[in-house]
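**Student:** My structure is stored as model-v1.txt, with compact mmCIF, C-alpha atoms.
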```txt
# COMPACT_ATOMS: atom_id res chain seq x y z
CA MET A 1 19.19 31.27 14.19
CA GLN A 2 18.44 30.61 10.55
CA GLU A 3 16.73 27.69 8.86
CA ALA A 4 20.17 26.35 8.00
CA ASP A 5 20.98 26.23 11.72
CA VAL A 6 17.85 24.19 12.37
CA GLN A 7 18.84 21.88 9.55
CA GLU A 8 22.28 21.46 11.03
CA ALA A 9 20.87 20.86 14.50
CA LEU A 10 18.54 18.16 13.17
CA LYS A 11 21.35 16.41 11.31
CA ALA A 12 23.57 16.44 14.38
CA TYR A 13 20.65 15.19 16.49
CA VAL A 14 20.18 12.04 14.42
CA THR A 15 23.87 11.22 14.02
CA ASP A 16 25.46 12.08 17.38
CA GLY A 17 25.47 8.94 19.53
CA GLU A 18 23.65 6.98 16.82
CA PRO A 19 23.63 3.29 17.83
CA ALA A 20 24.57 0.45 15.49
CA MET A 21 21.78 -0.76 13.23
CA GLY A 22 19.91 -3.69 14.77
CA LEU A 23 18.12 -4.55 11.54
CA THR A 24 19.88 -6.73 9.00
CA ALA A 25 19.09 -7.41 5.36
CA ASP A 26 18.69 -11.09 6.21
CA GLY A 27 16.21 -10.38 8.99
CA VAL A 28 14.17 -8.06 6.79
CA LEU A 29 14.15 -10.60 3.94
CA LYS A 30 12.83 -13.27 6.30
CA ALA A 31 10.15 -10.95 7.63
CA GLY A 32 9.21 -9.96 4.08
CA ARG A 33 8.97 -13.56 2.89
CA ARG A 34 6.82 -14.51 5.88
CA SER A 35 4.59 -11.58 5.08
CA ARG A 36 4.15 -12.64 1.47
CA ARG A 37 3.44 -16.27 2.39
CA ALA A 38 5.00 -17.10 -0.92
CA ARG A 39 3.63 -20.36 -2.25
CA ARG A 40 2.87 -19.28 -5.77
CA LEU A 41 -0.11 -20.63 -7.68
CA ALA A 42 0.26 -19.69 -11.30
CA GLY A 43 -2.62 -17.92 -12.95
CA VAL A 44 -4.81 -17.88 -9.86
CA ALA A 45 -6.76 -14.82 -11.03
CA GLY A 46 -7.30 -16.30 -14.50
CA ALA A 47 -8.43 -19.63 -13.07
CA GLY A 48 -10.75 -17.65 -10.85
CA LEU A 49 -12.45 -16.04 -13.83
CA ALA A 50 -13.56 -19.22 -15.58
CA ALA A 51 -14.07 -21.13 -12.34
CA VAL A 52 -16.32 -18.51 -10.83
CA LEU A 53 -18.45 -18.23 -13.95
CA ALA A 54 -18.97 -21.98 -13.72
CA GLY A 55 -20.12 -21.56 -10.11
CA VAL A 56 -17.02 -23.11 -8.51
CA ALA A 57 -15.01 -20.98 -6.11
CA ALA A 58 -11.28 -20.64 -6.78
CA VAL A 59 -9.22 -22.05 -3.96
CA GLY A 60 -5.85 -21.31 -2.49
CA VAL A 61 -3.63 -22.95 0.07
CA TRP A 62 -2.00 -21.19 2.99
CA GLY A 63 1.80 -21.00 2.76
CA GLY A 64 3.43 -20.22 6.10
CA SER A 65 1.91 -19.14 9.36
CA PRO A 66 -0.56 -21.40 11.13
CA ASP A 67 -2.21 -18.20 12.35
CA GLY A 68 -3.31 -17.40 8.80
CA PRO A 69 -2.72 -14.18 6.89
CA GLU A 70 -1.79 -10.90 8.45
CA TYR A 71 -4.47 -8.22 8.07
CA MET A 72 -3.48 -4.57 7.86
CA ALA A 73 -4.85 -1.21 6.82
CA ALA A 74 -4.56 -0.32 3.17
CA ASP A 75 -1.34 1.33 2.14
CA PRO A 76 -1.13 4.80 0.68
CA CYS A 77 -0.17 5.55 -2.87
CA PRO A 78 2.90 7.81 -2.61
CA VAL A 79 3.09 9.01 -6.19
CA PRO A 80 0.20 9.08 -8.65
CA PRO A 81 0.72 7.18 -11.90
CA GLY A 82 0.58 10.23 -14.16
CA ALA A 83 -0.49 10.18 -17.79
CA ARG A 84 -0.64 6.94 -19.74
CA PRO A 85 2.62 6.40 -21.61
CA ALA A 86 2.67 5.66 -25.32
CA GLY A 87 2.61 2.04 -26.38
CA VAL A 88 0.70 -0.57 -28.34
CA ILE A 89 -2.66 -1.54 -26.88
CA ALA A 90 -3.95 -4.64 -28.66
CA GLY A 91 -5.61 -7.84 -27.52
CA ASP A 92 -3.01 -10.04 -29.17
CA GLN A 93 0.13 -8.23 -27.98
CA PRO A 94 1.75 -7.96 -24.55
CA LEU A 95 1.91 -4.53 -22.96
CA SER A 96 5.20 -2.67 -23.01
CA PRO A 97 7.12 -2.44 -19.69
CA ASN A 98 6.20 1.26 -19.41
CA LEU A 99 2.51 0.52 -19.86
CA VAL A 100 2.70 -2.35 -17.38
CA ALA A 101 4.36 -0.12 -14.79
CA TRP A 102 1.83 2.65 -15.34
CA ALA A 103 -1.13 0.25 -15.26
CA THR A 104 0.00 -1.55 -12.09
CA THR A 105 0.56 1.79 -10.35
CA SER A 106 -2.82 3.07 -11.54
CA VAL A 107 -4.67 0.02 -10.23
CA THR A 108 -2.73 0.03 -6.96
CA CYS A 109 -3.31 3.72 -6.30
CA TYR A 110 -6.99 3.64 -7.15
CA LEU A 111 -7.87 0.51 -5.18
CA ASN A 112 -5.95 1.63 -2.10
CA ALA A 113 -8.01 4.82 -2.09
CA GLU A 114 -11.42 3.58 -3.22
CA VAL A 115 -11.82 0.24 -1.44
CA PRO A 116 -11.12 1.75 2.02
CA ARG A 117 -13.64 4.47 1.15
CA LEU A 118 -16.25 1.78 0.44
CA LEU A 119 -15.24 -0.26 3.50
CA PRO A 120 -14.01 2.23 6.13
CA THR A 121 -13.42 -0.33 8.90
CA ALA A 122 -11.91 -3.15 6.80
CA THR A 123 -8.39 -4.53 6.89
CA TYR A 124 -6.59 -6.37 4.11
CA ALA A 125 -4.36 -9.40 3.69
CA GLN A 126 -2.51 -10.99 0.83
CA VAL A 127 -4.27 -13.83 -0.93
CA PRO A 128 -2.10 -16.96 -0.53
CA GLY A 129 -0.16 -17.59 -3.68
CA ALA A 130 -0.77 -14.13 -5.12
CA GLN A 131 2.27 -12.42 -6.51
CA ALA A 132 1.73 -9.17 -4.65
CA GLY A 133 0.25 -7.84 -1.44
CA PRO A 134 -3.40 -6.91 -0.97
CA LEU A 135 -4.83 -4.41 -3.46
CA MET A 136 -1.44 -4.20 -5.21
CA GLY A 137 -1.45 -4.40 -8.98
CA PHE A 138 0.81 -6.93 -10.65
CA ASN A 139 1.36 -8.31 -14.11
CA LEU A 140 2.17 -11.95 -14.71
CA GLY A 141 4.20 -11.14 -17.82
CA GLY A 142 4.51 -13.14 -20.99
CA GLN A 143 2.14 -13.30 -23.92
CA PRO A 144 -1.57 -12.41 -23.78
CA PRO A 145 -3.78 -12.98 -21.91
CA TRP A 146 -1.32 -12.84 -19.00
CA GLY A 147 0.99 -10.31 -20.54
CA ASN A 148 -1.54 -7.59 -21.24
CA ARG A 149 -3.47 -7.31 -18.04
CA VAL A 150 -3.02 -6.21 -14.45
CA ASP A 151 -4.40 -8.09 -11.48
CA ALA A 152 -4.97 -7.12 -7.86
CA LEU A 153 -6.30 -9.40 -5.15
CA ALA A 154 -7.09 -9.07 -1.47
CA LEU A 155 -8.64 -10.85 1.45
CA ILE A 156 -10.83 -8.33 3.23
CA ARG A 157 -11.92 -8.55 6.83
CA ASP A 158 -14.46 -6.46 8.69
CA ALA A 159 -16.98 -6.94 11.49
CA LYS A 160 -19.06 -9.28 9.33
CA GLY A 161 -16.21 -11.65 8.50
CA VAL A 162 -13.81 -12.30 5.64
CA GLY A 163 -14.35 -12.08 1.92
CA ASP A 164 -12.16 -11.66 -1.09
CA LEU A 165 -11.83 -9.21 -3.93
CA THR A 166 -10.21 -9.70 -7.32
CA VAL A 167 -9.81 -6.90 -9.82
CA ASN A 168 -8.21 -7.23 -13.17
CA VAL A 169 -7.94 -4.86 -16.05
CA GLY A 170 -6.88 -6.30 -19.36
CA VAL A 171 -6.63 -5.45 -23.01
CA VAL A 172 -9.11 -7.15 -25.33
CA ASP A 173 -10.19 -6.68 -28.90
CA GLU A 174 -13.38 -4.69 -29.18
CA SER A 175 -15.18 -7.72 -30.64
CA VAL A 176 -14.86 -9.61 -27.34
CA ALA A 177 -17.70 -7.60 -25.74
CA ALA A 178 -20.34 -8.99 -28.10
CA GLN A 179 -19.10 -12.56 -27.59
CA ALA A 180 -19.09 -12.18 -23.81
CA GLU A 181 -22.59 -10.70 -23.90
CA ALA A 182 -23.85 -13.66 -25.90
CA GLU A 183 -22.29 -16.10 -23.43
CA CYS A 184 -23.83 -14.21 -20.54
CA ARG A 185 -27.30 -14.35 -22.04
CA GLY A 186 -26.88 -18.09 -22.61
CA ASP A 187 -25.48 -18.88 -19.13
CA THR A 188 -27.64 -21.52 -17.46
CA VAL A 189 -25.39 -22.26 -14.47
CA ALA A 190 -24.83 -18.95 -12.74
CA LYS A 191 -27.21 -16.03 -13.13
CA CYS A 192 -25.81 -13.54 -15.60
CA THR A 193 -27.39 -10.15 -16.33
CA VAL A 194 -26.54 -7.87 -19.25
CA MET A 195 -26.68 -4.13 -18.58
CA SER A 196 -25.82 -1.04 -20.60
CA GLY A 197 -23.10 1.04 -19.08
CA PRO A 198 -22.05 4.64 -19.67
CA LYS A 199 -20.61 5.69 -23.01
CA GLY A 200 -21.60 2.52 -24.81
CA SER A 201 -19.88 0.14 -22.40
CA THR A 202 -21.19 -3.39 -21.86
CA VAL A 203 -21.72 -4.49 -18.26
CA LEU A 204 -22.20 -8.14 -17.36
CA LEU A 205 -23.09 -9.08 -13.79
CA GLY A 206 -22.84 -12.68 -12.64
CA THR A 207 -24.48 -13.63 -9.34
CA GLU A 208 -25.61 -16.84 -7.70
CA PRO A 209 -28.80 -18.47 -8.98
CA ASP A 210 -32.02 -17.29 -7.38
CA GLY A 211 -32.82 -19.25 -4.26
CA THR A 212 -29.20 -19.85 -3.20
CA PRO A 213 -29.51 -20.59 0.54
CA ALA A 214 -28.16 -18.16 3.10
CA GLY A 215 -24.78 -19.21 4.45
CA GLU A 216 -23.61 -20.62 1.13
CA PRO A 217 -20.49 -19.32 -0.62
CA LYS A 218 -21.44 -16.55 -3.04
CA ASN A 219 -19.67 -14.60 -5.74
CA TRP A 220 -20.57 -11.47 -7.65
CA VAL A 221 -18.63 -11.20 -10.90
CA VAL A 222 -18.73 -8.01 -12.95
CA ARG A 223 -17.20 -7.58 -16.39
CA VAL A 224 -17.17 -4.22 -18.10
CA TYR A 225 -16.15 -3.90 -21.74
CA ARG A 226 -15.23 -0.46 -22.94
CA GLY A 227 -12.80 0.46 -25.69
CA HIS A 228 -9.99 -2.07 -25.46
CA SER A 229 -10.51 -2.61 -21.72
CA GLU A 230 -12.00 -5.58 -20.00
CA ILE A 231 -12.47 -4.63 -16.35
CA TYR A 232 -13.23 -7.58 -14.12
CA VAL A 233 -14.32 -7.34 -10.50
CA GLN A 234 -15.11 -10.42 -8.46
CA VAL A 235 -16.12 -10.40 -4.81
CA SER A 236 -17.00 -13.33 -2.57
CA ASN A 237 -18.00 -14.16 0.97
CA THR A 238 -15.20 -16.74 1.38
CA ASP A 239 -11.54 -16.63 2.40
CA ARG A 240 -10.62 -18.79 -0.61
CA GLN A 241 -9.40 -21.59 1.64
CA GLU A 242 -10.25 -25.23 1.17
CA LYS A 243 -11.96 -26.78 4.16
CA ASP A 244 -11.22 -30.48 4.65
CA GLY A 245 -10.34 -30.84 1.00
CA ALA A 246 -13.61 -29.34 -0.17
CA ALA A 247 -14.43 -25.96 -1.69
CA PRO A 248 -14.24 -22.86 0.51
CA VAL A 249 -17.11 -22.16 2.88
CA ALA A 250 -18.81 -18.85 3.57
CA THR A 251 -16.87 -16.77 6.09
CA ARG A 252 -19.38 -13.91 6.10
CA PRO A 253 -23.09 -13.72 5.25
CA GLU A 254 -22.75 -11.89 1.90
CA PRO A 255 -19.84 -10.94 -0.37
CA VAL A 256 -17.68 -8.17 0.96
CA LEU A 257 -19.10 -5.63 -1.52
CA SER A 258 -22.70 -5.56 -2.69
CA ALA A 259 -23.40 -6.31 -6.33
CA ASP A 260 -24.11 -2.59 -6.92
CA GLN A 261 -20.81 -1.60 -5.31
CA ALA A 262 -18.96 -4.17 -7.43
CA VAL A 263 -20.59 -2.77 -10.58
CA GLN A 264 -19.74 0.81 -9.62
CA LEU A 265 -16.14 -0.20 -8.88
CA ALA A 266 -15.83 -1.86 -12.27
CA LEU A 267 -17.30 1.24 -13.95
CA SER A 268 -14.79 3.58 -12.28
CA PRO A 269 -13.13 5.83 -14.87
CA GLU A 270 -9.87 5.26 -13.01
CA LEU A 271 -9.93 1.58 -14.07
CA TYR A 272 -10.63 2.38 -17.70
CA LEU A 273 -6.96 2.04 -18.60
CA PHE A 274 -7.00 0.97 -22.24
CA PRO A 275 -9.23 3.00 -24.59
CA MET B 1 12.33 -10.81 -13.16
CA VAL B 2 13.06 -13.90 -11.04
CA ARG B 3 12.85 -13.60 -7.29
CA ALA B 4 16.60 -13.99 -6.72
CA ASP B 5 17.24 -10.95 -8.95
CA TRP B 6 14.74 -8.64 -7.33
CA GLU B 7 15.67 -9.78 -3.83
CA ALA B 8 19.25 -8.80 -4.64
CA GLN B 9 17.99 -5.36 -5.70
CA PHE B 10 15.96 -5.15 -2.51
CA VAL B 11 18.99 -5.99 -0.36
CA GLU B 12 21.02 -3.35 -2.19
CA TYR B 13 18.30 -0.80 -1.46
CA PHE B 14 18.24 -1.84 2.19
CA ALA B 15 22.00 -1.35 2.46
CA ALA B 16 21.72 2.14 1.00
CA ARG B 17 18.59 3.41 2.71
CA ALA B 18 17.98 1.63 6.01
CA GLN B 19 20.17 3.95 8.02
CA PRO B 20 18.80 7.22 6.57
CA LEU B 21 15.25 5.92 7.06
CA ARG B 22 16.03 4.99 10.64
CA ARG B 23 17.33 8.53 11.23
CA LEU B 24 14.09 9.90 9.77
CA ALA B 25 12.07 7.63 12.02
CA TYR B 26 14.18 8.57 15.06
CA SER B 27 13.70 12.28 14.44
CA LEU B 28 9.93 11.64 14.42
CA CYS B 29 9.60 9.35 17.43
CA GLY B 30 12.69 10.11 19.54
CA ASP B 31 13.46 6.49 20.31
CA TRP B 32 15.90 4.25 18.41
CA HIS B 33 14.00 1.01 19.13
CA THR B 34 10.72 2.43 17.87
CA ALA B 35 12.59 3.90 14.91
CA GLU B 36 13.86 0.43 13.97
CA ASP B 37 10.35 -0.98 14.27
CA LEU B 38 9.06 1.70 11.90
CA VAL B 39 11.86 0.99 9.43
CA GLN B 40 11.29 -2.76 9.58
CA LEU B 41 7.61 -2.16 8.84
CA ALA B 42 8.55 -0.01 5.87
CA PHE B 43 10.91 -2.63 4.45
CA VAL B 44 8.43 -5.48 4.91
CA ARG B 45 5.88 -3.48 2.95
CA LEU B 46 8.47 -2.60 0.35
CA TYR B 47 9.34 -6.28 0.02
CA ARG B 48 5.72 -7.19 -0.68
CA ARG B 49 5.51 -4.60 -3.42
CA TRP B 50 9.03 -4.71 -4.78
CA PRO B 51 8.30 -6.39 -8.13
CA SER B 52 5.74 -3.71 -9.01
CA ILE B 53 7.37 -0.58 -7.57
CA ARG B 54 8.93 1.84 -10.02
CA GLY B 55 12.50 2.83 -9.21
CA GLU B 56 11.78 6.55 -9.08
CA THR B 57 9.01 6.17 -6.48
CA VAL B 58 10.58 3.72 -4.03
CA ASP B 59 12.17 6.40 -1.80
CA ALA B 60 8.90 8.34 -1.63
CA TYR B 61 7.01 5.16 -0.79
CA ALA B 62 9.46 4.15 1.95
CA ARG B 63 9.32 7.61 3.55
CA GLN B 64 5.55 7.63 3.41
CA VAL B 65 5.23 4.27 5.15
CA VAL B 66 7.55 5.46 7.94
CA VAL B 67 5.72 8.77 8.36
CA ASN B 68 2.24 7.21 8.22
CA ALA B 69 3.21 4.48 10.67
CA PHE B 70 4.54 7.15 13.05
CA LEU B 71 1.37 9.26 12.71
CA SER B 72 -0.87 6.19 13.26
CA HIS B 73 1.19 5.22 16.30
CA ARG B 74 0.74 8.73 17.71
CA ARG B 75 -3.04 8.70 17.12
CA ALA B 76 -3.32 5.38 18.95
CA ARG B 77 -1.72 6.74 22.10
CA ARG B 78 -4.31 7.54 24.73
CA ARG B 79 -2.37 10.27 26.45
CA GLU B 80 0.11 12.71 24.98
CA SER B 81 2.83 13.56 27.44
CA LEU B 82 5.89 15.66 26.79
CA MET B 83 7.92 13.63 29.26
CA ALA B 84 6.74 10.36 27.71
CA ASP B 85 8.38 11.51 24.49
CA LEU B 86 11.74 11.69 26.21
CA PRO B 87 13.17 8.20 26.70
CA GLU B 88 15.58 7.47 29.50
CA ARG B 89 19.02 8.71 28.73
CA ALA B 90 21.12 5.80 27.50
CA VAL B 91 24.75 5.22 28.28
CA GLY B 92 26.83 7.75 26.39
CA SER B 93 23.64 9.77 26.20
CA ASP B 94 22.80 12.84 24.19
CA PRO B 95 24.82 15.94 24.49
CA ALA B 96 22.85 18.89 25.81
CA ASP B 97 22.16 20.15 22.28
CA GLY B 98 20.62 16.82 21.32
CA LEU B 99 18.32 16.99 24.32
CA ALA B 100 17.29 20.50 23.32
CA VAL B 101 16.43 19.34 19.79
CA ARG B 102 14.51 16.38 21.20
CA ARG B 103 12.51 18.69 23.47
CA ALA B 104 11.93 21.17 20.65
CA LEU B 105 10.62 18.40 18.36
CA ALA B 106 8.49 16.90 21.13
CA GLU B 107 6.72 20.23 21.57
CA LEU B 108 5.54 20.13 17.96
CA ALA B 109 2.29 18.40 16.98
CA PRO B 110 3.09 15.09 15.24
CA ARG B 111 2.15 16.23 11.72
CA GLN B 112 4.01 19.52 12.21
CA ARG B 113 7.02 17.57 13.41
CA ALA B 114 6.79 15.37 10.31
CA ALA B 115 6.65 18.47 8.08
CA VAL B 116 9.77 19.95 9.70
CA VAL B 117 11.73 16.72 9.56
CA LEU B 118 10.81 16.04 5.95
CA ARG B 119 11.64 19.60 4.94
CA TYR B 120 14.84 20.16 6.89
CA LEU B 121 16.29 16.77 7.68
CA GLU B 122 15.26 14.97 4.50
CA ASP B 123 15.69 18.21 2.53
CA LEU B 124 12.56 17.60 0.48
CA PRO B 125 10.98 20.38 -1.55
CA VAL B 126 7.74 21.87 -0.25
CA ALA B 127 5.69 20.18 -2.98
CA GLU B 128 6.96 16.74 -2.07
CA VAL B 129 6.35 17.28 1.64
CA ALA B 130 2.81 18.42 0.82
CA ALA B 131 2.16 15.34 -1.32
CA LEU B 132 3.58 13.00 1.30
CA LEU B 133 1.49 14.46 4.13
CA GLY B 134 -1.63 15.02 2.03
CA ILE B 135 -1.73 18.75 2.75
CA SER B 136 -1.38 21.89 0.66
CA GLU B 137 1.95 23.55 -0.03
CA GLY B 138 0.71 26.64 1.77
CA THR B 139 0.04 24.57 4.87
CA VAL B 140 3.54 23.07 4.69
CA LYS B 141 5.06 26.53 4.56
CA SER B 142 3.00 27.92 7.43
CA GLN B 143 3.44 24.81 9.59
CA THR B 144 7.19 24.68 9.11
CA SER B 145 7.55 28.41 9.59
CA ARG B 146 5.73 28.26 12.93
CA ALA B 147 7.68 25.17 13.90
CA ILE B 148 11.00 26.85 13.13
CA GLN B 149 10.02 29.82 15.31
CA SER B 150 9.17 27.48 18.12
CA MET B 151 12.32 25.40 17.73
CA ARG B 152 14.50 28.46 17.39
CA GLY B 153 13.26 29.64 20.76
CA ALA B 154 13.87 26.28 22.40
CA LEU B 155 17.32 25.84 20.88
CA GLN B 156 18.45 29.36 21.66
CA GLY B 157 17.20 28.93 25.21
CA ALA B 158 19.29 25.78 25.56
CA ALA B 159 22.33 27.51 24.08
CA LEU B 160 21.98 30.34 26.61
CA ALA B 161 21.59 27.87 29.47
CA ASN B 162 24.78 26.08 28.36
CA GLU B 163 26.72 29.34 28.46
CA GLU B 164 25.76 30.04 32.06
```
Render the structure in this file as structure tokens.
**Tutor:**
Amino acid sequence: MQEADVQEALKAYVTDGEPAMGLTADGVLKAGRRSRRARRLAGVAGAGLAAVLAGVAAVGVWGGSPDGPEYMAADPCPVPPGARPAGVIAGDQPLSPNLVAWATTSVTCYLNAEVPRLLPTATYAQVPGAQAGPLMGFNLGGQPPWGNRVDALALIRDAKGVGDLTVNVGVVDESVAAQAEAECRGDTVAKCTVMSGPKGSTVLLGTEPDGTPAGEPKNWVVRVYRGHSEIYVQVSNTDRQEKDGAAPVATRPEPVLSADQAVQLALSPELYLFP
Amino acid sequence: MVRADWEAQFVEYFAARAQPLRRLAYSLCGDWHTAEDLVQLAFVRLYRRWPSIRGETVDAYARQVVVNAFLSHRRARRRESLMADLPERAVGSDPADGLAVRRALAELAPRQRAAVVLRYLEDLPVAEVAALLGISEGTVKSQTSRAIQSMRGALQGAALANEE
């Protein structure tokens, strides 16, 4: 018996007596839509950036199931993104479709490998209103700033509770780093620290003011400026849900990653997409 | 792309690939109901990611979700049992050859079974099987070679028994 015989035997095995398909496109669409909980809030990641720096948590609203989001293990990355394709990288121009596809795959693949490594027992759910599933890169399209960046969001649950993670990698002019550093040094609302990163990169870490009571919502916000890349990582200890019309409450003691972990994530070479 | 457009693409992909994926899943788990559950899981995950998936990677992604879901399902089982892998024979049940293939596959370790099915049913090159299972190409070759020896024995044994 040759390999071809085994091949033939396998093909006969799966086709002889094969029953009719029970799944339908309609049924799968409904299951997919339920899974996405698709009530779309435009620009949620962008609103989160300014809102968090001002000390106000970004909020979302559940779409669908009264049971809340569905938490699952991270998904694998089947095919690595490969080399960066050619294309214009400029703060005032949208990314080409090829660069968008490469960048979203790069972010997706890296986060689905690295975040589970940092949080081995965690599970992930889609942020309500987000355009894609947890830790999945997406691009909102259009002109900058939406058109030349990639976002990825996730609710993250482990034994300590639920928190959220936002990562975005965008294209900025190299002059933006100095401006952001100046704003950070002058921030009197949140606590913002300027650090020097590797290879001349600028690292800005925003945390809650000293003396923030335990049990309060907290955010760590990291911005790394290197080349034409602005790499933004924000983690919180909330599930981003309004409670009785008010801002989200803490759903775990501390943000889901430590400030150091958030900084290291933002400094990952794999997220340095736009030199 | 607006949602109506990409949902139409998604439905087209479902029409083309649901049945082959279900056959893949069935060859792994030996049960049509479980196979459909694995395929539904794959398509729900595909749906969530559809706007950002590149066309050339969607097949690889779908296969990987099915295979990983099968392997996770196997790890979660508390007790491996050869007979538990063999569902009750349905009406119009398998011909004897089909039962022999089912037994031969059930005797393989789950990851080895996945390697064989991906290589010989899905007809994937060694490199792609290795990437999908997260193992080296050398391991794919040795695992499938051993599996083929084992299956050959089981299938030839069944063929001899049928002749008697």
**Student:** Given the choices A:Ala90, A:Leu204, A:Val167, A:Val127, which gets closest to chain B if the distance is worked out from only C-alpha atoms?
**Tutor:**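 That would be A:Val127, the residue with the smallest distance to chain B.
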**Student:** Just give me the gap between CA of Asp5 (chain B) and CA of Val58 (chain B) in Å, one decimal is fine.
**Tutor:**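 Computed distance, CA of Asp5 (chain B) to CA of Val58 (chain B), equals 16.8 Å.
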**Student:** List the spatial neighbours of region 104-121 of chain B as an MDAnalysis selection string - criterion: any atom at most 9 Å away, all atoms listed in the file, same-chain residues fewer than 6 positions off excluded.
**Tutor:** (chainID A and resid 3:4 6:8 10:11) or (chainID B and resid 24 27:30 63 67 70:71 74 82:83 85:86 128:130 133 140:141 143:148 150:155)
**Student:** Which neighbours of region 273-275 of chain A fall inside 7 Å, counting all atoms listed in the file, when residues of the same chain fewer than 5 positions from it are skipped, and could you give them as a compact mmCIF listing (two decimals) with C-alpha atoms, in the coordinates of the input?
**Tutor:**
```txt
# COMPACT_ATOMS: atom_id res chain seq x y z
CA ILE A 89 -2.66 -1.54 -26.88
CA ALA A 103 -1.13 0.25 -15.26
CA VAL A 171 -6.63 -5.45 -23.01
CA GLY A 227 -12.80 0.46 -25.69
CA HIS A 228 -9.99 -2.07 -25.46
CA SER A 229 -10.51 -2.61 -21.72
```
**Student:** Return the neighbours of chain B among the residues of chain A, cut-off 6 Å, counting all atoms listed in the file, as JSON, numbers by chain.
**Tutor:** {"A": [7, 13, 14, 25, 32, 78, 132, 133]}
**Student:** Report, in Å with one decimal, the straight-line distance from CA of Val79 (chain A) to CA of Thr15 (chain A).
**Tutor:**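 Interatomic distance here is 29.1 Å.
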**Student:** With a distance cut-off of 8 Å and only C-alpha atoms, select the neighbouring residues of Arg157 (chain A), excluding the residue or stretch itself and same-chain residues fewer than 4 positions from it, and output the selection as a PDB file with C-alpha atoms, in the coordinates of the input.
**Tutor:**
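Writing the result to selection35.pdb gives the following:
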```
ATOM      1  CA  TYR A  71      -4.470  -8.220   8.070  1.00  0.00           C
ATOM      2  CA  ALA A 122     -11.910  -3.150   6.800  1.00  0.00           C
ATOM      3  CA  THR A 123      -8.390  -4.530   6.890  1.00  0.00           C
ATOM      4  CA  TYR A 124      -6.590  -6.370   4.110  1.00  0.00           C
ATOM      5  CA  GLY A 161     -16.210 -11.650   8.500  1.00  0.00           C
ATOM      6  CA  VAL A 162     -13.810 -12.300   5.640  1.00  0.00           C
ATOM      7  CA  GLY A 163     -14.350 -12.080   1.920  1.00  0.00           C
TER       8      GLY A 163
END
```
**Student:** Would you compute the distance between CA of Pro69 (chain A) and CA of Ala125 (chain A)? Give it in Å to one decimal.
**Tutor:**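 About the pair CA of Pro69 (chain A) and CA of Ala125 (chain A): they are 6.0 Å apart.
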**Student:** Write out as a PyMOL selection string which residues come within 12 Å of Ala266 (chain A) when counting only C-alpha atoms, dropping same-chain ones fewer than 6 positions away.
**Tutor:** chain A and resi 107+110-111+114-115+165-169+197-198+201-205+220-226+229-235+257+259-260+272-273
**Student:** My list of candidates is A:Arg33, A:Ala73, A:Gly200, A:Pro80. Which is closest to Gly129 (chain A) when distances are computed with all atoms listed in the file?
**Tutor:**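 Between A:Arg33, A:Ala73, A:Gly200, A:Pro80, the residue approaching Gly129 (chain A) most closely is A:Arg33.
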**Student:** Which is closer to Leu23 (chain A) than all the others in B:Ala8, B:Leu124, B:Leu38, B:Asp31, using only C-alpha atoms?
**Tutor:**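 Checking each of B:Ala8, B:Leu124, B:Leu38, B:Asp31 against Leu23 (chain A), counting only C-alpha atoms, the winner is B:Leu38.
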**Student:** Closest to Asn237 (chain A) among A:Glu18, A:Glu181, A:Asp5, A:Asp158, using all atoms listed in the file?
**Tutor:**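 Nearest candidate to Asn237 (chain A) out of A:Glu18, A:Glu181, A:Asp5, A:Asp158: A:Asp158.
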**Student:** Return region 127-133 of chain B, completed with N, CA, C and O atoms, as a compact mmCIF listing (two decimals), in the coordinates of the input.
**Tutor:**
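Generated file (selection_26.txt):
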```txt
# COMPACT_ATOMS: atom_id res chain seq x y z
N ALA B 127 6.73 20.93 -2.25
CA ALA B 127 5.69 20.18 -2.98
C ALA B 127 5.69 18.71 -2.59
O ALA B 127 4.64 18.08 -2.44
N GLU B 128 6.88 18.16 -2.40
CA GLU B 128 6.96 16.74 -2.07
C GLU B 128 6.49 16.49 -0.63
O GLU B 128 5.83 15.49 -0.35
N VAL B 129 6.83 17.40 0.26
CA VAL B 129 6.35 17.28 1.64
C VAL B 129 4.82 17.34 1.66
O VAL B 129 4.15 16.57 2.35
N ALA B 130 4.27 18.27 0.88
CA ALA B 130 2.81 18.42 0.82
C ALA B 130 2.16 17.15 0.31
O ALA B 130 1.17 16.67 0.88
N ALA B 131 2.73 16.56 -0.74
CA ALA B 131 2.16 15.34 -1.32
C ALA B 131 2.26 14.19 -0.31
O ALA B 131 1.32 13.41 -0.14
N LEU B 132 3.36 14.10 0.37
CA LEU B 132 3.58 13.00 1.30
C LEU B 132 2.63 13.08 2.49
O LEU B 132 2.14 12.06 2.98
N LEU B 133 2.36 14.30 2.96
CA LEU B 133 1.49 14.46 4.13
C LEU B 133 0.04 14.69 3.75
O LEU B 133 -0.82 14.77 4.63
```
